[in-house]
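Trainee: Have a look at this one.
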Amino acid sequence: MLITMNGLVLREKQAGEKGRFLDILTQEQGVVEVFVRGAKKATSKSTCVTQLFSYATFCLEQRGDMYYFQSAKPIRIFYGLRENLDHLSLASYFSDWIRYAVPKGRQENMVLRLMLNTLHYLTEEKRDERMLKALFELRFASELGLMPDVLMCKRCMNYLPDSLVFSVTNGHFWCEDCYPGTEDDVAYSMRRSGLEMIRHIVLMDFARLFHFRAGEETLNVVSKFAEEFLCCHLSVRPRSLDFYHNIKRNHVE
């Protein structure tokens with residue numbers, strides 16, 4: 001049976017001498033594994049459209065649970081990611097989360113839209129890298145049903161305190177004076193601008209999601225919080241995250 005789906009290539013893996021397996025994020029079926037025959041040849045017609053971070057309309061043959069590549073029409077190929085190792089490693093980190101956490105066989109329109117828009121702004125360098133990373137992590141967590149509680153202080157019910165403590169472990173925030181604190185709790189102190197940024201990311205309509213500004217202090221603390229929050233609540237730390245940080249550290253040195 002032939003089916004047509006729009007999808008983004010998240011990973012390539014060689015399959016012997018004559019083909020590749022692709023992990024493709026689709027709107028209709030989540031992440032699907034697709035076999036591409038003869039994709040290793042430099043002259044293969046499928047080489048360009050099946051490369052990493054290519055977004056295309058794929059025509060696939062389905063046999064049981066397996067998908068086989070037939071043809072594809074490119075929609076956008078994110079060439080620019082290959083020109084910046086920081087951006088490429090960050091995009092790979094996003095891909096690892098999707099492959100790990102997105103269920104197969106479930107419609108994932110919002111996750112696909114989130115990934116495509118994040119890659120667009122990352123490639124065009126139109127947004128701060130820390131902002132894009134935190135935005136993806138927190139919005140992705142929210143799409144999975146893991147949204148942090150951003151409503152009010154858990155003790156005094158203050159909606160917007162000047163200073164607060166946001167718990168990674170519990171996913172709640174407290175006013176600075178209300179925070180109970182425990183030895184095993186991972187938490188970040190931040191100003192109200194940090195809470196406003198987190199609220200924007202997890203609650204804003206998608207059309208306005210990428211349209212906000214934040215200062216250096218806010219970007220730094222929210223980016224650390226977002227990373228720890230996602231790793232904590234999905235109970236794993238991808239190797240690609242450490243690779244990304246190593247790349248950033250080497251560039252600073």
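Residue numbering restarts at 1 in every chain; chains get A, B, ... in the order shown in the structure tokens, and ligands count up from 1 in that same order.
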Please extract the residues of region 34-178 of chain A with a backbone DSSP assignment of alpha helix (DSSP H) and present them as a VMD selection string.
Mentor: chain A and resid 85 to 101 109 to 124 129 to 143
Trainee: Provide the CA of Met66 (chain A) to CA of Met1 (chain A) distance in Å, to one decimal place.
Mentor: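 Going from CA of Met66 (chain A) over to CA of Met1 (chain A), I get 11.0 Å.
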Trainee: Nearest to Arg130 (chain A): which of A:Gly7, A:Gly171, A:Gly215, A:Pro161 is it, counting only C-alpha atoms?
Mentor: A:Gly215
Trainee: Counting only C-alpha atoms, which of A:Met110, A:Met115, A:Ile75, A:Leu10 gets nearest to Asp23 (chain A)?
Mentor: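 When distances to Asp23 (chain A) are compared using only C-alpha atoms, the smallest one comes from A:Leu10.
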Trainee: Hey, can you check how far CA of Met157 (chain A) sits from CA of Gly181 (chain A)?
Mentor: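 CA of Gly181 (chain A) lies 17.2 Å from CA of Met157 (chain A).
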Trainee: I'd like to know which of A:Arg113, A:Arg155, A:Lys224, A:His120 is closest to Gly80 (chain A), using only C-alpha atoms.
Mentor: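 Of the candidates, the smallest distance to Gly80 (chain A) is held by A:His120.
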Trainee: Could you find all residues in region 57-241 of chain A that DSSP calls strand (DSSP E or B) from the backbone, and write them as a PyMOL selection string?
Mentor: chain A and resi 57-63+66-77+163-167+173-175+187-191
Trainee: Any chance you can output those residues with N, CA and C atoms as a CSV table (one decimal), in the first residue's frame?
Mentor:
```csv
chain,number,residue,atom,x,y,z
A,57,THR,N,7.6,15.9,1.3
A,57,THR,CA,6.5,15.1,1.2
A,57,THR,C,6.9,13.7,0.7
A,58,PHE,N,6.8,12.7,1.5
A,58,PHE,CA,7.3,11.4,1.2
A,58,PHE,C,6.2,10.4,0.7
A,59,CYS,N,6.5,9.7,-0.3
A,59,CYS,CA,5.7,8.6,-0.8
A,59,CYS,C,6.3,7.4,-0.3
A,60,LEU,N,5.6,6.6,0.5
A,60,LEU,CA,6.1,5.4,1.1
A,60,LEU,C,5.3,4.2,0.8
A,61,GLU,N,5.9,3.1,0.7
A,61,GLU,CA,5.2,1.8,0.6
A,61,GLU,C,5.2,1.2,2.0
A,62,GLN,N,4.0,0.9,2.5
A,62,GLN,CA,3.8,0.3,3.8
A,62,GLN,C,3.5,-1.2,3.6
A,63,ARG,N,4.4,-2.0,4.3
A,63,ARG,CA,4.2,-3.5,4.4
A,63,ARG,C,4.2,-3.8,5.9
A,66,MET,N,6.4,-1.9,8.5
A,66,MET,CA,7.6,-1.4,7.8
A,66,MET,C,7.2,-0.4,6.7
A,67,TYR,N,8.0,0.6,6.5
A,67,TYR,CA,7.9,1.6,5.5
A,67,TYR,C,9.1,1.6,4.6
A,68,TYR,N,8.8,1.7,3.3
A,68,TYR,CA,9.9,1.7,2.3
A,68,TYR,C,9.8,2.9,1.4
A,69,PHE,N,10.9,3.6,1.3
A,69,PHE,CA,10.9,4.9,0.5
A,69,PHE,C,10.7,4.6,-1.0
A,70,GLN,N,9.8,5.4,-1.6
A,70,GLN,CA,9.5,5.3,-3.0
A,70,GLN,C,10.0,6.6,-3.7
A,71,SER,N,9.5,7.7,-3.2
A,71,SER,CA,9.9,9.0,-3.8
A,71,SER,C,9.6,10.1,-2.8
A,72,ALA,N,10.1,11.3,-3.1
A,72,ALA,CA,9.8,12.4,-2.2
A,72,ALA,C,9.9,13.8,-3.0
A,73,LYS,N,9.2,14.7,-2.5
A,73,LYS,CA,9.3,16.1,-3.0
A,73,LYS,C,9.7,17.0,-1.9
A,74,PRO,N,10.8,17.7,-2.0
A,74,PRO,CA,11.3,18.5,-1.0
A,74,PRO,C,10.4,19.7,-0.7
A,75,ILE,N,10.3,20.0,0.6
A,75,ILE,CA,9.6,21.2,1.0
A,75,ILE,C,10.6,22.3,1.5
A,76,ARG,N,11.5,21.8,2.4
A,76,ARG,CA,12.6,22.7,2.9
A,76,ARG,C,13.7,21.7,3.4
A,77,ILE,N,14.9,22.0,3.0
A,77,ILE,CA,16.1,21.3,3.5
A,77,ILE,C,16.9,22.3,4.2
A,163,SER,N,10.4,38.0,43.2
A,163,SER,CA,11.4,37.0,43.3
A,163,SER,C,10.8,35.7,43.7
A,164,LEU,N,11.2,34.6,43.1
A,164,LEU,CA,10.6,33.3,43.3
A,164,LEU,C,11.6,32.2,43.2
A,165,VAL,N,11.2,31.0,43.6
A,165,VAL,CA,12.0,29.8,43.4
A,165,VAL,C,11.2,28.8,42.7
A,166,PHE,N,11.7,28.3,41.6
A,166,PHE,CA,10.9,27.4,40.7
A,166,PHE,C,11.6,26.0,40.9
A,167,SER,N,10.8,25.0,41.4
A,167,SER,CA,11.3,23.7,41.6
A,167,SER,C,11.3,22.9,40.3
A,173,PHE,N,6.2,26.6,41.6
A,173,PHE,CA,7.1,27.7,42.1
A,173,PHE,C,6.5,28.3,43.3
A,174,TRP,N,7.4,28.9,44.1
A,174,TRP,CA,7.0,29.6,45.4
A,174,TRP,C,7.6,31.0,45.4
A,175,CYS,N,7.0,31.9,46.1
A,175,CYS,CA,7.6,33.2,46.3
A,175,CYS,C,8.9,32.9,47.1
A,187,ALA,N,16.1,23.3,42.4
A,187,ALA,CA,15.3,24.5,42.2
A,187,ALA,C,16.2,25.7,41.7
A,188,TYR,N,15.5,26.6,41.1
A,188,TYR,CA,16.2,27.8,40.6
A,188,TYR,C,15.6,29.1,41.1
A,189,SER,N,16.4,30.0,41.6
A,189,SER,CA,15.9,31.3,42.0
A,189,SER,C,15.8,32.2,40.7
A,190,MET,N,14.8,32.9,40.6
A,190,MET,CA,14.7,33.8,39.4
A,190,MET,C,13.8,35.0,39.8
A,191,ARG,N,13.9,36.0,38.9
A,191,ARG,CA,13.0,37.2,39.1
A,191,ARG,C,11.7,36.9,38.3
```
Trainee: So which one's closest to Asn6 (chain A), A:Ala56, A:Ala226, A:Phe210, A:Tyr244? Using only C-alpha atoms, please.
Mentor: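 Closest to Asn6 (chain A), using only C-alpha atoms: A:Ala56.
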Trainee: Choose the residue, out of A:Asp242, A:Glu12, A:Glu28, A:Glu228, that has the smallest atom-to-atom separation from Ala141 (chain A); count only C-alpha atoms.
Mentor: A:Glu228
Trainee: At a cut-off of 8 Å, using only C-alpha atoms, what residues contact His233 (chain A)? Leave out same-chain residues fewer than 4 positions from it and give the result as a list in words.
Mentor: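 Final neighbour list, sorted by chain and number: Leu146, Thr169 and Phe229 of chain A.
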Trainee: Please write the residues from the selection above to a file, keeping C-alpha atoms, as a PDB file, in the first residue's frame.
Mentor:
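Output saved as part13.pdb:
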```
ATOM      1  CA  LEU A 146       4.445  17.602  31.471  1.00  0.00           C
ATOM      2  CA  THR A 169      11.646  18.336  40.831  1.00  0.00           C
ATOM      3  CA  PHE A 229      13.159  20.188  33.972  1.00  0.00           C
TER       4      PHE A 229
END
```
Trainee: Nearest to Arg99 (chain A) among A:Asn158, A:Thr26, A:Thr123, A:Asn170, with distances taken over only C-alpha atoms: which residue is it?
Mentor: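 Checking each candidate against Arg99 (chain A), we get A:Thr26 as the closest.
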Trainee: Which polymer residues have any atom within 12 Å of an atom of Gly145 (chain A), counting only C-alpha atoms, with same-chain residues fewer than 6 positions away left out, as a VMD selection string?
Mentor: chain A and resid 101 to 102 138 to 139 202 230 233 to 234
